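*Asks:* What follows is entry11.cif, made up of mmCIF, C-alpha atoms:
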```cif
data_upload
#
loop_
_atom_site.label_atom_id
_atom_site.label_comp_id
_atom_site.auth_asym_id
_atom_site.auth_seq_id
_atom_site.Cartn_x
_atom_site.Cartn_y
_atom_site.Cartn_z
CA MET A 5 -5.76 29.06 47.38
CA THR A 6 -7.01 32.34 45.96
CA ILE A 7 -4.63 34.95 44.55
CA PHE A 8 -5.24 38.54 43.52
CA ALA A 9 -5.37 39.48 39.85
CA GLY A 10 -6.19 42.62 37.94
CA LYS A 11 -7.36 43.43 34.43
CA LEU A 12 -6.72 46.28 32.03
CA ARG A 13 -10.08 47.64 30.96
CA ARG A 14 -10.07 48.84 27.38
CA TYR A 15 -12.62 48.67 24.58
CA HIS A 16 -12.10 48.31 20.86
CA GLY A 17 -12.97 51.44 18.91
CA GLU A 18 -13.11 53.66 21.99
CA SER A 19 -11.89 57.19 21.28
CA LEU A 20 -8.84 58.68 22.96
CA ILE A 21 -11.00 61.40 24.53
CA ARG A 22 -13.26 58.77 26.02
CA ARG A 23 -10.29 56.86 27.41
CA ILE A 24 -8.65 59.82 29.14
CA THR A 25 -11.92 61.17 30.55
CA ASP A 26 -13.30 57.89 31.89
CA VAL A 27 -12.11 58.48 35.45
CA SER A 28 -13.86 55.44 36.90
CA THR A 29 -12.13 53.04 34.50
CA ILE A 30 -8.74 54.73 35.00
CA LEU A 31 -9.00 54.36 38.78
CA LYS A 32 -9.97 50.71 38.48
CA ASN A 33 -7.01 50.06 36.19
CA VAL A 34 -4.62 51.76 38.63
CA ARG A 35 -6.05 49.74 41.51
CA ASP A 36 -5.64 46.52 39.57
CA ILE A 37 -1.94 47.18 39.00
CA PHE A 38 -1.53 46.75 42.74
CA TYR A 39 -3.67 43.62 42.61
CA VAL A 40 -1.31 42.13 40.05
CA CYS A 41 1.70 42.91 42.23
CA ILE A 42 0.07 41.30 45.27
CA GLY A 43 -1.07 38.32 43.20
CA THR A 44 2.41 37.79 41.80
CA ILE A 45 3.86 37.55 45.32
CA GLN A 46 1.09 35.14 46.30
CA ALA A 47 1.65 33.02 43.17
CA PHE A 48 5.41 33.01 43.78
CA ASN A 49 4.90 31.63 47.29
CA LEU A 50 2.38 29.07 46.08
CA LEU A 51 4.66 27.80 43.32
CA SER A 52 7.52 27.60 45.82
CA LYS A 53 5.46 25.07 47.75
CA GLU A 54 3.85 23.15 44.90
CA ARG A 55 6.72 23.13 42.34
CA PRO A 56 4.60 21.93 39.39
CA ASP A 57 6.34 20.31 36.42
CA VAL A 58 4.48 22.48 33.92
CA ILE A 59 1.84 25.23 33.98
CA PHE A 60 -0.90 25.82 31.43
CA LEU A 61 -2.04 29.43 30.88
CA LYS A 62 -5.25 29.75 28.89
CA GLY A 63 -5.04 33.54 28.80
CA GLY A 64 -7.14 36.10 30.59
CA PHE A 65 -6.03 38.50 33.29
CA VAL A 66 -6.12 35.85 36.01
CA GLY A 67 -3.09 34.17 34.47
CA LEU A 68 -0.73 37.16 34.61
CA PRO A 69 0.47 36.78 38.23
CA VAL A 70 0.95 33.04 37.74
CA GLY A 71 2.89 33.52 34.51
CA LEU A 72 5.19 36.10 36.08
CA ALA A 73 5.78 33.90 39.12
CA ALA A 74 6.46 30.87 36.90
CA ALA A 75 9.07 32.86 34.98
CA MET A 76 10.80 33.80 38.27
CA HIS A 77 10.88 30.15 39.31
CA LYS A 78 11.91 29.04 35.80
CA ILE A 79 8.98 26.62 35.75
CA PRO A 80 8.00 25.81 32.14
CA PHE A 81 4.59 27.00 31.05
CA VAL A 82 2.50 26.77 27.90
CA THR A 83 0.12 29.48 26.72
CA HIS A 84 -2.97 28.97 24.59
CA ASP A 85 -4.91 31.49 22.52
CA SER A 86 -8.31 30.64 21.11
CA ASP A 87 -8.91 33.86 19.19
CA ALA A 88 -7.12 35.17 16.13
CA LEU A 89 -5.58 37.88 18.32
CA PRO A 90 -3.58 36.74 21.37
CA GLY A 91 -4.72 38.04 24.73
CA LEU A 92 -2.78 40.71 26.61
CA THR A 93 -1.70 38.34 29.38
CA ASN A 94 -0.18 35.86 26.96
CA ARG A 95 1.59 38.67 25.13
CA LEU A 96 3.07 39.99 28.38
CA VAL A 97 4.38 36.66 29.65
CA GLY A 98 4.95 35.07 26.26
CA ARG A 99 8.68 35.77 26.17
CA TRP A 100 9.18 33.28 28.99
CA ALA A 101 6.78 30.62 27.69
CA ARG A 102 8.20 27.25 26.68
CA LEU A 103 5.58 26.92 23.96
CA HIS A 104 2.64 28.84 22.49
CA ALA A 105 -0.32 26.66 21.55
CA THR A 106 -2.63 28.46 19.11
CA GLY A 107 -6.27 28.11 18.20
CA LEU A 108 -5.71 29.21 14.60
CA PRO A 109 -2.73 28.58 12.29
CA THR A 110 0.46 30.10 13.69
CA GLU A 111 0.77 32.75 10.98
CA PHE A 112 -2.00 34.70 12.74
CA TYR A 113 0.24 35.27 15.76
CA SER A 114 3.40 37.28 16.37
CA TYR A 115 5.00 34.60 18.54
CA ALA A 116 8.33 33.08 17.50
CA LYS A 117 7.48 30.36 15.01
CA GLU A 118 9.87 27.85 16.55
CA LYS A 119 7.98 28.15 19.85
CA SER A 120 4.47 27.99 18.35
CA ARG A 121 2.24 25.00 17.67
CA TYR A 122 -1.18 25.01 16.06
CA VAL A 123 -3.43 22.76 18.14
CA GLY A 124 -6.88 24.25 17.62
CA VAL A 125 -9.53 25.42 20.09
CA LEU A 126 -10.51 23.28 23.05
CA VAL A 127 -14.09 22.00 23.03
CA GLY A 128 -16.02 19.74 25.38
CA GLU A 129 -16.28 16.04 24.67
CA ASP A 130 -20.05 16.35 24.17
CA PHE A 131 -19.47 18.19 20.91
CA VAL A 132 -19.19 15.63 18.11
CA PRO A 133 -20.03 15.58 14.39
CA VAL A 134 -23.82 15.70 14.05
CA THR A 135 -25.57 13.31 11.67
CA SER A 136 -29.24 13.55 10.72
CA GLN A 137 -29.99 10.73 13.14
CA LEU A 138 -28.16 12.43 16.01
CA GLN A 139 -29.90 15.71 15.23
CA GLN A 140 -33.25 13.96 15.66
CA GLN A 141 -32.10 12.44 18.95
CA TYR A 142 -31.19 15.89 20.25
CA ARG A 143 -34.56 17.30 19.21
CA ALA A 144 -36.40 14.48 20.92
CA ALA A 145 -34.38 14.97 24.13
CA LEU A 146 -35.22 18.68 24.12
CA GLN A 147 -38.85 18.08 23.16
CA LEU A 148 -38.44 20.13 20.02
CA PRO A 149 -40.29 19.40 16.75
CA SER A 150 -38.78 16.55 14.75
CA GLU A 151 -39.99 18.05 11.49
CA GLY A 152 -39.37 21.46 10.02
CA ARG A 153 -36.46 23.88 10.32
CA LEU A 154 -34.91 25.00 13.59
CA LEU A 155 -33.17 28.35 14.05
CA LEU A 156 -31.05 28.79 17.16
CA VAL A 157 -29.89 32.19 18.36
CA THR A 158 -27.12 32.24 20.95
CA GLY A 159 -24.58 34.74 22.21
CA GLY A 160 -27.24 36.71 24.02
CA SER A 161 -25.37 37.06 27.30
CA LEU A 162 -23.75 40.25 28.61
CA GLY A 163 -23.23 42.96 26.01
CA ALA A 164 -25.58 41.51 23.36
CA ARG A 165 -28.53 43.88 23.70
CA ARG A 166 -28.20 45.09 20.12
CA LEU A 167 -28.23 41.53 18.80
CA ASN A 168 -31.23 40.60 20.94
CA ASP A 169 -33.14 43.67 19.80
CA GLU A 170 -32.45 42.90 16.15
CA ILE A 171 -33.55 39.29 16.55
CA LYS A 172 -36.76 40.47 18.19
CA GLU A 173 -37.40 42.65 15.14
CA ILE A 174 -36.90 39.93 12.52
CA VAL A 175 -38.39 36.87 14.26
CA PRO A 176 -42.07 37.72 13.58
CA GLY A 177 -41.41 38.00 9.85
CA LEU A 178 -39.43 34.77 9.77
CA LEU A 179 -42.13 32.83 11.61
CA GLU A 180 -44.75 34.19 9.23
CA LYS A 181 -42.74 33.39 6.10
CA TYR A 182 -41.78 29.87 7.21
CA PRO A 183 -44.74 28.02 8.77
CA ASP A 184 -42.47 25.07 9.64
CA LEU A 185 -39.86 27.23 11.38
CA PHE A 186 -39.17 26.88 15.11
CA VAL A 187 -36.94 29.43 16.87
CA VAL A 188 -34.95 28.99 20.08
CA HIS A 189 -33.45 32.26 21.33
CA GLN A 190 -30.97 32.31 24.20
CA VAL A 191 -31.51 35.85 25.41
CA GLY A 192 -29.00 35.86 28.29
CA LYS A 193 -29.24 36.54 31.99
CA GLY A 194 -31.92 39.00 32.99
CA ASN A 195 -33.38 39.28 29.47
CA ILE A 196 -36.17 36.72 29.64
CA ALA A 197 -38.78 39.50 29.31
CA LEU A 198 -37.51 40.42 25.83
CA TYR A 199 -40.65 39.11 24.13
CA LYS A 200 -43.16 39.91 26.90
CA ASP A 201 -45.09 42.43 24.76
CA ALA A 202 -44.89 40.46 21.51
CA VAL A 203 -47.78 38.38 20.14
CA LEU A 204 -46.06 35.45 18.48
CA PRO A 205 -46.91 31.87 17.57
CA PRO A 206 -45.86 29.14 20.01
CA ARG A 207 -42.97 28.33 17.68
CA LEU A 208 -40.63 30.60 19.63
CA VAL A 209 -38.85 29.61 22.84
CA SER A 210 -36.70 32.11 24.75
CA LEU A 211 -34.21 30.96 27.37
CA GLU A 212 -31.78 32.73 29.66
CA PHE A 213 -29.35 29.82 29.53
CA MET A 214 -29.13 26.53 27.66
CA GLU A 215 -28.37 23.54 29.84
CA GLY A 216 -26.53 21.05 27.66
CA MET A 217 -25.80 23.54 24.90
CA TYR A 218 -24.45 20.84 22.59
CA ARG A 219 -27.97 19.43 22.24
CA TYR A 220 -29.44 22.77 21.20
CA THR A 221 -26.71 23.53 18.68
CA GLY A 222 -26.80 19.95 17.43
CA ALA A 223 -30.58 20.10 16.98
CA ALA A 224 -30.45 23.32 14.94
CA ASP A 225 -30.37 23.74 11.17
CA VAL A 226 -29.08 27.33 11.35
CA VAL A 227 -27.28 29.07 14.21
CA ILE A 228 -26.94 32.81 14.75
CA THR A 229 -24.02 33.50 17.05
CA ARG A 230 -21.34 35.94 18.03
CA ALA A 231 -17.82 35.25 16.75
CA GLY A 232 -16.25 33.89 19.93
CA ALA A 233 -13.61 31.31 19.10
CA ASN A 234 -14.84 28.69 21.53
CA THR A 235 -18.44 28.72 20.34
CA LEU A 236 -17.36 28.66 16.70
CA ALA A 237 -15.08 25.70 17.36
CA GLU A 238 -17.95 23.82 19.00
CA LEU A 239 -20.17 24.55 16.02
CA GLY A 240 -17.34 23.61 13.69
CA VAL A 241 -16.94 20.19 15.26
CA GLN A 242 -20.68 19.65 14.84
CA GLY A 243 -20.63 20.94 11.27
CA LYS A 244 -23.26 23.65 11.64
CA ALA A 245 -24.30 26.40 9.24
CA CYS A 246 -23.77 29.71 11.02
CA VAL A 247 -24.52 33.39 10.66
CA VAL A 248 -21.98 35.23 12.80
CA VAL A 249 -22.42 38.74 14.16
CA PRO A 250 -19.03 39.77 15.63
CA ASN A 251 -19.11 42.00 18.68
CA PRO A 252 -17.14 45.07 17.48
CA LEU A 253 -16.47 46.43 20.97
CA LEU A 254 -14.47 43.59 22.51
CA THR A 255 -10.79 44.09 23.24
CA GLY A 256 -8.62 44.31 20.16
CA GLY A 257 -11.53 43.56 17.87
CA HIS A 258 -10.70 39.87 18.15
CA GLN A 259 -14.18 38.72 17.13
CA LEU A 260 -13.85 40.73 13.94
CA GLU A 261 -10.58 38.92 13.22
CA ASN A 262 -12.16 35.55 13.97
CA ALA A 263 -14.99 36.25 11.56
CA GLU A 264 -12.60 37.44 8.86
CA TYR A 265 -10.65 34.18 9.07
CA LEU A 266 -13.84 32.15 8.64
CA LEU A 267 -15.02 34.32 5.75
CA GLN A 268 -11.72 33.74 3.96
CA HIS A 269 -12.52 30.02 4.06
CA ASN A 270 -16.19 30.48 3.05
CA ALA A 271 -17.16 28.80 6.32
CA VAL A 272 -19.84 31.22 7.62
CA LEU A 273 -22.06 34.09 6.63
CA ALA A 274 -21.18 37.25 8.55
CA VAL A 275 -23.26 40.33 9.34
CA ASP A 276 -21.90 43.66 10.57
CA GLU A 277 -23.65 44.78 13.75
CA GLU A 278 -23.53 48.37 12.47
CA SER A 279 -26.01 47.35 9.76
CA PHE A 280 -28.73 47.05 12.42
CA GLU A 281 -29.01 50.83 12.65
CA LYS A 282 -29.10 51.26 8.88
CA GLY A 283 -32.27 49.25 8.39
CA SER A 284 -30.58 47.05 5.80
CA ASN A 285 -32.13 43.78 7.05
CA ASP A 286 -28.78 42.09 6.41
CA LEU A 287 -29.28 39.63 9.26
CA LYS A 288 -32.75 38.63 8.10
CA LYS A 289 -31.51 38.19 4.53
CA ALA A 290 -28.62 35.98 5.66
CA VAL A 291 -30.92 33.77 7.72
CA GLU A 292 -33.43 33.48 4.88
CA LYS A 293 -30.64 32.48 2.51
CA LEU A 294 -29.70 29.56 4.73
CA LEU A 295 -33.31 28.56 5.43
CA ASP A 296 -34.13 28.61 1.72
CA TYR A 297 -31.13 26.67 0.42
CA PRO A 298 -30.20 23.39 2.16
CA GLU A 299 -27.17 22.97 -0.09
CA ILE A 300 -25.70 26.26 1.14
CA ARG A 301 -26.27 25.14 4.73
CA ALA A 302 -24.51 21.86 4.00
CA ASN A 303 -21.56 23.55 2.29
CA LEU A 304 -21.06 26.07 5.09
CA GLY A 305 -21.26 23.39 7.76
CA LYS A 306 -18.76 21.20 5.92
CA ALA A 307 -16.36 24.10 5.38
CA LEU A 308 -16.48 25.12 9.04
CA GLN A 309 -15.95 21.52 10.10
CA THR A 310 -13.00 21.15 7.73
CA ILE A 311 -11.05 24.05 9.24
CA THR A 312 -11.87 23.07 12.84
CA LYS A 313 -9.48 20.77 14.68
CA ALA A 314 -11.52 18.17 16.53
CA ASN A 315 -8.67 16.75 18.63
CA ALA A 316 -7.28 19.95 20.14
CA ALA A 317 -7.55 18.73 23.73
CA GLN A 318 -5.63 15.53 23.04
CA GLU A 319 -2.89 17.33 21.13
CA LEU A 320 -2.49 19.95 23.85
CA ALA A 321 -2.42 17.30 26.60
CA SER A 322 0.34 15.48 24.74
CA LEU A 323 2.41 18.67 24.54
CA LEU A 324 1.96 19.38 28.24
CA LEU A 325 3.06 15.86 29.14
CA GLN A 326 6.14 16.10 26.96
CA ILE A 327 7.16 19.47 28.42
CA GLY A 328 6.36 18.61 32.03
CA LYS A 329 7.86 15.12 31.87
CA PRO A 330 10.28 15.04 28.95
CA ASP A 331 10.74 11.30 29.35
CA VAL A 332 6.98 10.70 28.88
CA ARG A 333 5.76 10.00 25.38
CA ALA A 334 1.96 10.34 25.12
#
```
What's the structure tokens form of this structure?
*Replies:*
Amino acid sequence: MTIFAGKLRRYHGESLIRRITDVSTILKNVRDIFYVCIGTIQAFNLLSKERPDVIFLKGGFVGLPVGLAAAMHKIPFVTHDSDALPGLTNRLVGRWARLHATGLPTEFYSYAKEKSRYVGVLVGEDFVPVTSQLQQQYRAALQLPSEGRLLLVTGGSLGARRLNDEIKEIVPGLLEKYPDLFVVHQVGKGNIALYKDAVLPPRLVSLEFMEGMYRYTGAADVVITRAGANTLAELGVQGKACVVVPNPLLTGGHQLENAEYLLQHNAVLAVDEESFEKGSNDLKKAVEKLLDYPEIRANLGKALQTITKANAAQELASLLLQIGKPDVRA
């Protein structure tokens, strides 16, 4: 069954003037208030029929009607936040949650401590610690060079034009400086023509999407990525050296908070997107640092792996079973 849901459109760093004059966004937000009301009635009726033992809310606007309906029915539910800042939906329905599962240590969240449990960020079972042997297996499966250094650039989906443009600027110099360097750049949907006018060696591959992403990240020596919690957790499980470029415009600045947490643990190198317009070459310098010094790559990968929980899914499943069926002990 499909239910209505609505989102509150807001952008980190947006000025007050911009917010009150953006008529299109205001109208969409008003419309979506009605969607939430309709969706809550639909969810209430659905839960009346299904009567689940427990509900899991991962966050996101689609969970708001379900969370409100669950509270009306007094059905226990568990929220989960991957990012350092909890999502708006989880904050709105959090007062009725039985438990808050968190992607980072609980001190990052304003939830009641007695109702919070640090479980980590959920990752797919294909993401495992990557040894040198496994890295070579991934490269062979992807038909990538077994020798030399591999730079992977990801995070190039919607909203990453500035990152893509900066990568396009620095890649020629990197390929010239490092004759053994191979670059794989995930440019995102509709951006495959990014390099159409560039004359580059055949050591660059651009892709809209990466099928079996774990192989590409596992094959890489260095990864340039945004600071989304899920991607960073996947890279953490694998133990990868990363240069993160947080998207400063996302709601609440949560990617900035994610990056700050990792920097505090010396687990990544981070580059401010604003530096792109200053001509500072900060991104190029960070990549060169990791390409030049294998020991720094190893230390960063180990640090990121150390602060990443690899068994988040199992721990969360155990909590859900205990709450939904108190007599069950996983």
*Asks:* Determine, counting only C-alpha atoms, which protein, DNA and RNA residues have an atom within 10 Å of an atom of stretch 199-210 of chain A; residues of the same chain fewer than 5 positions away are not included. Present the result as a ChimeraX atom specification.
*Replies:* /A:148-149,154-157,169,172,175-176,179-180,183-192
*Asks:* Using all atoms listed in the file, pick whichever of A:Leu260, A:Leu273, A:Leu61, A:Ile7 has the shortest atom-to-atom distance to A:Asn49.
*Replies:*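 Closest residue, counting all atoms listed in the file: A:Ile7.
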*Asks:* My list of candidates is A:Gly128, A:Ile45, A:Leu308, A:Glu281. Which is closest to A:His269 when distances are computed with all atoms listed in the file?
*Replies:* A:Leu308
*Asks:* For this structure, which residues satisfy the selection - the PyMOL selection byres ((chain A and resi 102-110) around 7) - when it is evaluated on the file as given? I want them as JSON, numbers by chain.
*Replies:* {"A": [80, 81, 82, 83, 84, 85, 86, 87, 88, 100, 101, 111, 112, 113, 119, 120, 121, 122, 123, 124, 125]}
*Asks:* Which neighbours of A:Phe8 fall inside 9 Å, counting all atoms listed in the file, when residues of the same chain fewer than 2 positions from it are skipped, and could you give them as a ChimeraX atom specification?
*Replies:* /A:6,10,36,39-44,46-47,66,69
*Asks:* If you keep C-alpha atoms, can you produce a file of those selected residues as a CSV table (one decimal), in the coordinates of the input?
*Replies:*
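The resulting file, out-v7.csv, is reproduced below:
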```
chain,number,residue,atom,x,y,z
A,6,THR,CA,-7.0,32.3,46.0
A,10,GLY,CA,-6.2,42.6,37.9
A,36,ASP,CA,-5.6,46.5,39.6
A,39,TYR,CA,-3.7,43.6,42.6
A,40,VAL,CA,-1.3,42.1,40.0
A,41,CYS,CA,1.7,42.9,42.2
A,42,ILE,CA,0.1,41.3,45.3
A,43,GLY,CA,-1.1,38.3,43.2
A,44,THR,CA,2.4,37.8,41.8
A,46,GLN,CA,1.1,35.1,46.3
A,47,ALA,CA,1.6,33.0,43.2
A,66,VAL,CA,-6.1,35.8,36.0
A,69,PRO,CA,0.5,36.8,38.2
```
*Asks:* For atom CA of A:Ile59 and atom CA of A:Ser322, determine how far apart the two atoms are, in Å to one decimal place.
*Replies:* 13.5 Å
*Asks:* Taking the file as shown, what set of residues would the PyMOL selection byres ((chain A and resi 275) around 9) give back, as a list in words?
*Replies:* Val247, Val248, Val249, Pro250, Leu273, Ala274, Asp276, Glu277, Glu278, Ser279, Asp286, Leu287 and Ala290 of chain A
*Asks:* Report the distance between atom CA of A:Gly283 and atom CA of A:Thr235 in Å, rounded to one decimal place.
*Replies:*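 So the answer is 27.5 Å.
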